[in-house]
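Student: Okay, here's the structure, questions in a sec.
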Amino acid sequence: MDPLLFGIATNLATDVLKATYRRSHDSGLGDAETRALRRAFTRAFGVLTSDVVQARDGKLTPELAALVEGQLRRLVTDAAMADLLLAAALEERGPDPNRLRERFEELGFDPQTFLTDFDTAMSRFRYALTDELLQAAGGAGSPLFNRVVLAQLAAVRAGLVHLAGRPGADERGTPAGPYSVIKPADGRPDWRTLLDGSALPAVFGVAGILERTLLIEDVPYEATAVLAWLAGHSGRTVFLAGSRGDGKTSYLNALAARSVDSHCFLRWGRDAPFSVQLAEDIAAKIQRADPARAITVVIVYPIDASCGSQDLDQLCYELAGGVGGGDRRAVVIVEGEDGTFERLPFYAAHWTKLLPPGPESVQLWVSLLRRAHDEVRHEGEDERHIAARYPNLVQFLESSPEQQAEVLADPQSPMIVRLLRAVYGADMWGKLYDELVQLKPPSPDAMCYLKICLATVAGRGVPTVLINRLQPDAQWELRSLRNPWVLDEEEDQHVARHRMIAQVVLEKAAKRSNGRLIRECMSDFAAHLRTPKCGDLVPQIVMTVAHLSPVAAEDETDGLRRAVFYGARRGLQAVDDVASAIEGQCDRDYRKLSTWMEMVRLLVPRQSRDSSHLWLVELHEDLLEAADRTDNPPESERLNYYWWKIRRLRAWLLNKDDYEFLLDAVRQVAPFIGAQWCRADFYTDLFRWCFQAARLRWTERMSGQNAIDSRFLYTTLFTAYERLRSCTTEDRITDIRIDFNTMILRHVHWTLPEDAAGLLEDAWKTSVALGCPDAQVGTFLAELLLTGAASPSSHEDATASACRTLDTVLDAFPHHGEGLFLLALAQNSSQSPGGASVNSLREQIAVARQTGDSELNQAFLRHAAALIEPDASCRRQLFLDAATGYMDYIDNRRAYNLNSGHYAQDRLHFACDLVFHALARFGGPDIEQARRRHRRLAS
């Protein structure tokens, strides 16, 4: 480079760093990093000045040098322009060309008369700076290494916007992307975040956060071992579940901060649908950028209560088939609350959970709280003000280690609650609500805070422009200084300090005002449906509150839910042409439209059939018609199902959901069974429609066309149930399982006595074909075969068929007590008992009895052992123990509760009858006492 140009470039680099001194200081830049940046800027400015000279015939004269330096120095010494240039080196996105040009013109320059083409020059400078930073980071021990890796990954992210097919820009013109790099800790921490319940930044991870233990498939891992596990499990999916405020996000942030040399953590945006292809694209680009370092790419995908059913279904669909690794590069961590995972359709993943901080880490947290107290005091706050703001802090710090451990090591409370209790005391929820009271509701500041809390609970924020529209008189400049909410300046989002704090404030406000304040806030949100950035909040808030878990009292959460729903209904009903307004908010995106439709269905009250809410059904129908006008409409069959779903709701409101209507609905949607788009919600609806139709006729004996219709209903019901089991987990369909058990044990045998066994066999075959054998159907079918209720050609054929069925059950559930009991019953009733098969069965029963399973399962296993026990004395005791186990179960009324239902009740009576029939061969007062107890229970 010409010495004259080198001198100009050096001066310009120095000017940039001087103009951005405060920002450099706030970003935590050390002397070594500043020097490295100066060198990179010098070389980049050298490229820029050389380009200018080349554009002027390549002749450098003193006059041209002065002109170049004058224009560029005036440009880079402007604070705003210098910040944009520094962002190219330090932040996730480089300077936006449109913003550079805009600022250039604001300074009085004309891009048309610049020394060279302005856009080309700025582009060349940007790429030159990137190259210099990458080269500088590549040196051994480079102080810029971590920062440059982040900038490099951000550039990859920007490039992927095009690959994702989502070109767009935010309000500042910066390319939009669905994910962001989880940054390592830098800069000076704001210690108030530790005291007032805010989400903890990664800078605190050096102490208490990473001392936590993570359970992966019930195996404990410390932080270093977790990182090693992630590196060794590329392509896997991990579910990180826990209660709200338990520190999941803080833990992942701290992991990212610790592992910048080996891992790249990316957080997926809440409003962006997950795409495996896009995740793999970014993982490939990151790993190709530096193949020698073998970076492990970790995608963190957050889910919360605001997620619609279709979003959760689509997530599982995207992830399906990748648990075993295969060709996938990225590890996907799905992070969320326990309640949201309960709504997630079944998907095989590695389940993980954070263990509570142990007593050994209590003093780490105490030292952090003491440091926070000292830092706040050093910033100028006196003890009186600290005591007023954090009323329990000093008392906690002065308490004994045992008392401190009692608060911070409480295994029943999430981490946020422990910290709040340490800072605010036992009445922490009351103290947090007092922050709202001090704003004197319904003042503008108080109503603004409540609206921010509603958005925060839904995982969103309220931008300043919207606050100025909704609450123009609110003093947000003052209140957003943690008094009581905060402003994320980078995102321009006002949020409560924590989602749990927001929920507490809302629940208390709903209770104290009888819901009035919350109803007004929701009505105001809905009234501004056409206001940019406001309309999307309505469905997100409603969806979240619909699935909200209580913080303190369940009745307070229910009160909040009622107030939100009422306010949303009232606000939406007042909007002119509300369907058109919603369609405009969705911007031709069916995913957004489906969330609105799900919200509308939630808003229909189900306590009673009230035709005054038909307007919600009509709104839903208008939105369904809009689905065809979106850019990504669903399959026509799926839309047809949604039409019948809303027709069913209309019929229910009008009390017209009779047998004929339900039968017609089932006939229309049953052909869709097995379609790729069918998920748990479809099979749940189909099952319920069949069940409700069958229930209307289940006291009748069917013949003729009625019998044909009933066979169709029961066949569809059994198929829908087995399909539902195959795409979710048993504990999530408890109520449906109870209804199903009622059908298979009672009503189908009364309504269609000649077809019942065949229908049950078809259900069993369906479950096996789906790779999810239904143990209750299999065991009941085997019982029918063994007792002659199902009639193959001979007893031998029936026994053989029953044994084959039970073998399949036991292949899937080796310790299934009832299955082993029936298999032993089959062996006991055969013509030639004994031999190798009995010995093998005896061993299998012995192994199952050592598992320490439920009392009922153990009773079945004792009964099974008794049936093939050759020793009479042992056989007598096993029968008696089995009878006692059955009766204990019945006596505790477990057989009659919602978790067991008629299935366990009827099955126990069958087993009890058999065991007492066997005991009749033996004598003794203990058996007579057991028999009297049995008669008492039976009566």
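Labeling convention for the structure tokens: chains A, B, ... as they appear, residues from 1 per chain, ligands from 1 in order of appearance.
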Write down as a list in words the residues of region 756-789 of chain A whose backbone DSSP state falls under helix (DSSP H, G or I).
Tutor: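 Assigned to helix (DSSP H, G or I), within region 756-789 of chain A: Ala756, Ala757, Gly758, Leu759, Leu760, Glu761, Asp762, Ala763, Trp764, Lys765, Thr766, Ser767, Val768, Ala769, Ala775, Gln776, Val777, Gly778, Thr779, Phe780, Leu781, Ala782, Glu783, Leu784, Leu785, Leu786 and Thr787 of chain A.
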Student: Pick out the residues sitting within 10 Å of Tyr301 (chain A), and hand them over as a JSON list (two decimals) with all heavy atoms, in the first residue's frame; count only C-alpha atoms, and ignore anything fewer than 5 positions along from it in its own chain.
Tutor:
[["chain", "number", "residue", "atom", "x", "y", "z"],
["A", 179, "TYR", "N", -33.13, -17.31, 13.45],
["A", 179, "TYR", "CA", -32.34, -17.73, 14.59],
["A", 179, "TYR", "C", -31.27, -16.68, 14.89],
["A", 179, "TYR", "O", -30.97, -15.80, 14.07],
["A", 179, "TYR", "CB", -31.65, -19.08, 14.33],
["A", 179, "TYR", "CG", -31.16, -19.19, 12.91],
["A", 179, "TYR", "CD1", -30.01, -18.55, 12.50],
["A", 179, "TYR", "CD2", -31.89, -19.89, 11.97],
["A", 179, "TYR", "CE1", -29.59, -18.62, 11.19],
["A", 179, "TYR", "CE2", -31.48, -19.97, 10.66],
["A", 179, "TYR", "CZ", -30.34, -19.34, 10.28],
["A", 179, "TYR", "OH", -29.93, -19.39, 8.99],
["A", 239, "PHE", "N", -34.97, -33.06, 24.57],
["A", 239, "PHE", "CA", -36.05, -32.30, 25.20],
["A", 239, "PHE", "C", -35.58, -31.85, 26.57],
["A", 239, "PHE", "O", -35.30, -32.68, 27.44],
["A", 239, "PHE", "CB", -37.31, -33.16, 25.35],
["A", 239, "PHE", "CG", -38.06, -33.40, 24.07],
["A", 239, "PHE", "CD1", -39.07, -34.34, 24.01],
["A", 239, "PHE", "CD2", -37.75, -32.69, 22.92],
["A", 239, "PHE", "CE1", -39.77, -34.58, 22.84],
["A", 239, "PHE", "CE2", -38.45, -32.92, 21.73],
["A", 239, "PHE", "CZ", -39.45, -33.87, 21.69],
["A", 266, "LEU", "N", -27.27, -21.76, 18.71],
["A", 266, "LEU", "CA", -28.15, -20.84, 18.01],
["A", 266, "LEU", "C", -29.56, -20.97, 18.59],
["A", 266, "LEU", "O", -30.03, -22.09, 18.80],
["A", 266, "LEU", "CB", -28.21, -21.16, 16.51],
["A", 266, "LEU", "CG", -26.88, -21.19, 15.76],
["A", 266, "LEU", "CD1", -27.09, -21.72, 14.35],
["A", 266, "LEU", "CD2", -26.29, -19.80, 15.69],
["A", 267, "ARG", "N", -30.21, -19.84, 18.87],
["A", 267, "ARG", "CA", -31.57, -19.88, 19.39],
["A", 267, "ARG", "C", -32.55, -19.54, 18.27],
["A", 267, "ARG", "O", -32.43, -18.50, 17.63],
["A", 267, "ARG", "CB", -31.74, -18.90, 20.56],
["A", 267, "ARG", "CG", -33.12, -19.02, 21.23],
["A", 267, "ARG", "CD", -33.19, -18.13, 22.46],
["A", 267, "ARG", "NE", -32.25, -18.55, 23.47],
["A", 267, "ARG", "CZ", -32.47, -19.56, 24.32],
["A", 267, "ARG", "NH1", -33.61, -20.23, 24.26],
["A", 267, "ARG", "NH2", -31.57, -19.89, 25.22],
["A", 268, "TRP", "N", -33.50, -20.43, 18.05],
["A", 268, "TRP", "CA", -34.51, -20.24, 17.00],
["A", 268, "TRP", "C", -35.55, -19.23, 17.47],
["A", 268, "TRP", "O", -35.96, -19.23, 18.63],
["A", 268, "TRP", "CB", -35.19, -21.57, 16.69],
["A", 268, "TRP", "CG", -35.70, -21.70, 15.30],
["A", 268, "TRP", "CD1", -36.90, -21.31, 14.82],
["A", 268, "TRP", "CD2", -34.99, -22.28, 14.19],
["A", 268, "TRP", "NE1", -37.01, -21.61, 13.48],
["A", 268, "TRP", "CE2", -35.85, -22.21, 13.07],
["A", 268, "TRP", "CE3", -33.74, -22.85, 14.04],
["A", 268, "TRP", "CZ2", -35.48, -22.70, 11.83],
["A", 268, "TRP", "CZ3", -33.38, -23.33, 12.81],
["A", 268, "TRP", "CH2", -34.23, -23.25, 11.71],
["A", 269, "GLY", "N", -35.99, -18.37, 16.56],
["A", 269, "GLY", "CA", -36.98, -17.37, 16.90],
["A", 269, "GLY", "C", -38.33, -18.00, 17.26],
["A", 269, "GLY", "O", -38.74, -19.00, 16.66],
["A", 270, "ARG", "N", -39.03, -17.41, 18.23],
["A", 270, "ARG", "CA", -40.30, -17.98, 18.69],
["A", 270, "ARG", "C", -41.36, -18.00, 17.60],
["A", 270, "ARG", "O", -42.24, -18.85, 17.60],
["A", 270, "ARG", "CB", -40.82, -17.17, 19.89],
["A", 270, "ARG", "CG", -40.02, -17.39, 21.16],
["A", 270, "ARG", "CD", -40.65, -16.66, 22.33],
["A", 270, "ARG", "NE", -39.88, -16.84, 23.54],
["A", 270, "ARG", "CZ", -40.01, -17.87, 24.37],
["A", 270, "ARG", "NH1", -40.90, -18.80, 24.09],
["A", 270, "ARG", "NH2", -39.26, -17.98, 25.45],
["A", 272, "ALA", "N", -40.89, -18.30, 14.33],
["A", 272, "ALA", "CA", -40.47, -18.93, 13.08],
["A", 272, "ALA", "C", -40.69, -20.44, 13.17],
["A", 272, "ALA", "O", -40.26, -21.07, 14.13],
["A", 272, "ALA", "CB", -39.00, -18.63, 12.80],
["A", 273, "PRO", "N", -41.35, -21.05, 12.18],
["A", 273, "PRO", "CA", -41.52, -22.51, 12.20],
["A", 273, "PRO", "C", -40.19, -23.21, 12.06],
["A", 273, "PRO", "O", -39.30, -22.75, 11.34],
["A", 273, "PRO", "CB", -42.43, -22.77, 11.00],
["A", 273, "PRO", "CG", -42.21, -21.60, 10.08],
["A", 273, "PRO", "CD", -41.93, -20.43, 10.98],
["A", 274, "PHE", "N", -40.03, -24.32, 12.78],
["A", 274, "PHE", "CA", -38.77, -25.04, 12.72],
["A", 274, "PHE", "C", -38.64, -25.78, 11.40],
["A", 274, "PHE", "O", -39.61, -26.34, 10.88],
["A", 274, "PHE", "CB", -38.67, -26.04, 13.86],
["A", 274, "PHE", "CG", -37.35, -26.75, 13.90],
["A", 274, "PHE", "CD1", -36.21, -26.10, 14.32],
["A", 274, "PHE", "CD2", -37.25, -28.07, 13.49],
["A", 274, "PHE", "CE1", -34.99, -26.75, 14.34],
["A", 274, "PHE", "CE2", -36.04, -28.73, 13.50],
["A", 274, "PHE", "CZ", -34.90, -28.06, 13.94],
["A", 315, "LEU", "N", -43.61, -29.38, 14.42],
["A", 315, "LEU", "CA", -42.27, -29.55, 15.01],
["A", 315, "LEU", "C", -41.92, -31.03, 15.06],
["A", 315, "LEU", "O", -40.81, -31.44, 14.64],
["A", 315, "LEU", "CB", -42.24, -28.94, 16.41],
["A", 315, "LEU", "CG", -40.98, -29.22, 17.23],
["A", 315, "LEU", "CD1", -39.76, -28.61, 16.55],
["A", 315, "LEU", "CD2", -41.14, -28.69, 18.66],
["A", 332, "VAL", "N", -30.47, -30.70, 18.20],
["A", 332, "VAL", "CA", -31.62, -29.83, 18.43],
["A", 332, "VAL", "C", -32.08, -30.00, 19.87],
["A", 332, "VAL", "O", -32.41, -31.11, 20.30],
["A", 332, "VAL", "CB", -32.78, -30.15, 17.47],
["A", 332, "VAL", "CG1", -33.97, -29.24, 17.74],
["A", 332, "VAL", "CG2", -32.32, -30.00, 16.02],
["A", 333, "ILE", "N", -32.05, -28.90, 20.63],
["A", 333, "ILE", "CA", -32.56, -28.91, 22.00],
["A", 333, "ILE", "C", -33.89, -28.18, 22.01],
["A", 333, "ILE", "O", -33.95, -26.98, 21.74],
["A", 333, "ILE", "CB", -31.58, -28.23, 22.98],
["A", 333, "ILE", "CG1", -30.25, -28.97, 23.02],
["A", 333, "ILE", "CG2", -32.19, -28.17, 24.38],
["A", 333, "ILE", "CD1", -29.22, -28.35, 23.96],
["A", 334, "VAL", "N", -34.97, -28.91, 22.26],
["A", 334, "VAL", "CA", -36.30, -28.31, 22.39],
["A", 334, "VAL", "C", -36.49, -27.96, 23.86],
["A", 334, "VAL", "O", -36.48, -28.84, 24.73],
["A", 334, "VAL", "CB", -37.40, -29.26, 21.91],
["A", 334, "VAL", "CG1", -38.76, -28.58, 22.00],
["A", 334, "VAL", "CG2", -37.12, -29.70, 20.47],
["A", 335, "GLU", "N", -36.61, -26.68, 24.14],
["A", 335, "GLU", "CA", -36.64, -26.19, 25.52],
["A", 335, "GLU", "C", -38.03, -25.66, 25.85],
["A", 335, "GLU", "O", -38.61, -24.89, 25.08],
["A", 335, "GLU", "CB", -35.61, -25.06, 25.69],
["A", 335, "GLU", "CG", -35.70, -24.31, 27.00],
["A", 335, "GLU", "CD", -35.16, -22.89, 26.90],
["A", 335, "GLU", "OE1", -34.64, -22.52, 25.82],
["A", 335, "GLU", "OE2", -35.27, -22.17, 27.89],
["A", 336, "GLY", "N", -38.60, -26.10, 26.98],
["A", 336, "GLY", "CA", -39.92, -25.62, 27.33],
["A", 336, "GLY", "C", -40.38, -26.10, 28.69],
["A", 336, "GLY", "O", -39.67, -26.84, 29.38]]
Student: Could you please determine the separation between CA of Ala330 (chain A) and CA of Ile303 (chain A) in Å, to one decimal place?
Tutor: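 Separation between CA of Ala330 (chain A) and CA of Ile303 (chain A): 18.1 Å.
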Student: Excluding Leu602 (chain A) and any residue of its chain fewer than 6 positions from it, enumerate the residues within 10 Å of it, using only C-alpha atoms, and give them as a list in words.
Tutor: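 In the requested format, the answer is Val542, Met543, Ala546, Phe565, Trp596 and Leu616 of chain A.
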Student: For the residues in the current selection, export C-alpha atoms as a PDB file, in the first residue's frame.
Tutor:
ATOM      1  CA  VAL A 542     -55.131 -16.170  24.650  1.00  0.00           C
ATOM      2  CA  MET A 543     -53.302 -19.366  23.652  1.00  0.00           C
ATOM      3  CA  ALA A 546     -55.500 -21.168  28.004  1.00  0.00           C
ATOM      4  CA  PHE A 565     -61.132 -14.677  27.347  1.00  0.00           C
ATOM      5  CA  TRP A 596     -56.131 -17.475  15.060  1.00  0.00           C
ATOM      6  CA  LEU A 616     -67.402 -16.830  16.971  1.00  0.00           C
TER       7      LEU A 616
END
Student: Can you work out which one of A:Leu478, A:Cys521, A:Ile209, A:Leu67 has the shortest atom-to-atom distance to Met415 (chain A), counting only C-alpha atoms?
Tutor: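 Using only C-alpha atoms, the shortest distance to Met415 (chain A) belongs to A:Ile209.
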